[in-house]
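For reference, the structure discussed in these notes is given below.
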Amino acid sequence: MSVWKIGTLSDMIYYFVSEDIEWSVENIENAGCRLGRNKYPALLWYLNRLRPLRPEVAAVVVPSAWSGAEFPNRQLRGTQWRLLFDIAGYTVDGVPSPRPTSALR
């Protein structure tokens with residue numbers, strides 16, 4: 001991958017699309033770190049709008065963006081988070097897993 005000199009959300013999204021960057025866990029997390037923890041959720045939202053995230057990628061990056069954001073519900077609306085978490089599916093420590101049949105607690 002080339003050196004990233006992108007600092008704004010719109011520039012980062014444009015870079016992913018114009019340079020045909022692979023939407024891998026590594027590249028998306030790298031972009032999220034460069035933008036900052038509070039812009040990471042918006043990056044996921046807009047990338048997903050352009051081309052749906054693969055479930056195996058979403059399973060890692062969506063929980064990472066949620067837990068990293070200072071106030072996740074200020075970064076995206078609840079409906080947006082639910083859509084992203086639906087794509088990610090149920091995971092245990094970032095690994096797709098069957099949903100429990102009853103509450104865990």
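Quick note on naming: the chains in the structure tokens go A, B, ... in the order shown, residues restart at 1 in each chain, and ligands are numbered from 1 in order of appearance.
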
Got a sec: who's within 12 Å of Ser97 (chain A), counting only C-alpha atoms, leaving out chain neighbours fewer than 6 positions off, as a ChimeraX atom specification?
/A:56,59,88-91

Keeping C-alpha atoms, export the residues of the selection given above as a PDB file, in the first residue's frame.
```pdb
ATOM      1  CA  GLU A  56     -16.055 -11.310   7.884  1.00  0.00           C
ATOM      2  CA  ALA A  59     -17.303  -8.747  12.233  1.00  0.00           C
ATOM      3  CA  ALA A  88     -21.226  -8.098  11.239  1.00  0.00           C
ATOM      4  CA  GLY A  89     -23.445 -10.768  12.764  1.00  0.00           C
ATOM      5  CA  TYR A  90     -23.008 -12.202  16.225  1.00  0.00           C
ATOM      6  CA  THR A  91     -19.376 -12.581  17.265  1.00  0.00           C
TER       7      THR A  91
END
```

Using only C-alpha atoms, find the one residue out of A:Ile13, A:Ala103, A:Val62, A:Leu84 that sits nearest to Leu43 (chain A).
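Using only C-alpha atoms, the shortest distance to Leu43 (chain A) belongs to A:Ile13.
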
Picked from chain A by DSSP as helix (DSSP H, G or I), as a PyMOL selection string:
chain A and resi 9-18+25-35+40-50+55-68+72-75+78-88

With distances taken over only C-alpha atoms, which of A:Arg82, A:Arg99, A:Arg105, A:Arg54 is nearest to Val25 (chain A)?
A:Arg54

Atomic separation - CA of Asp93 (chain A) relative to CA of Leu9 (chain A), Å:
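Separation of CA of Leu9 (chain A) and CA of Asp93 (chain A): 27.6 Å.
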
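If you measure from each of A:Pro96, A:Glu22, A:Pro63, A:Val17 to Arg49 (chain A) using only C-alpha atoms, the closest one turns out to be A:Val17.
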
I'd like the interatomic distance between CA of Arg74 (chain A) and CA of Leu44 (chain A), to a tenth of an Å.
14.6 Å

Of the candidates A:Val57, A:Ser18, A:Asp11, A:Ala65, which one gets nearest to Cys33 (chain A) if we count only C-alpha atoms?
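For Cys33 (chain A), the nearest of the given residues is A:Ala65.
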
Using the chain letters and numbers from this document, which residues of region 31-102 of chain A does DSSP assign to strand (DSSP E), as a VMD selection string?
chain A and resid 91 to 92 95 to 96

Keeping only N, CA and C atoms, take the residues you just selected and write them out as a short mmCIF file (atom, residue, chain, number, x, y, z; two decimals), in the first residue's frame.
```cif
data_model
loop_
_atom_site.label_atom_id
_atom_site.label_comp_id
_atom_site.auth_asym_id
_atom_site.auth_seq_id
_atom_site.Cartn_x
_atom_site.Cartn_y
_atom_site.Cartn_z
N THR A 91 -20.77 -12.15 17.13
CA THR A 91 -19.38 -12.58 17.26
C THR A 91 -19.02 -12.76 18.73
N VAL A 92 -18.01 -13.56 18.95
CA VAL A 92 -17.39 -13.70 20.27
C VAL A 92 -15.91 -13.41 20.05
N VAL A 95 -14.87 -13.24 16.40
CA VAL A 95 -15.04 -14.45 15.58
C VAL A 95 -16.54 -14.73 15.44
N PRO A 96 -17.03 -14.86 14.18
CA PRO A 96 -18.45 -15.18 14.00
C PRO A 96 -18.82 -16.44 14.78
#
```

Name the residues in contact with Tyr46 (chain A) at a cut-off of 10 Å, using only C-alpha atoms, excluding same-chain residues fewer than 4 positions from it; report them as a ChimeraX atom specification.
/A:9-10,13,41-42,50-52
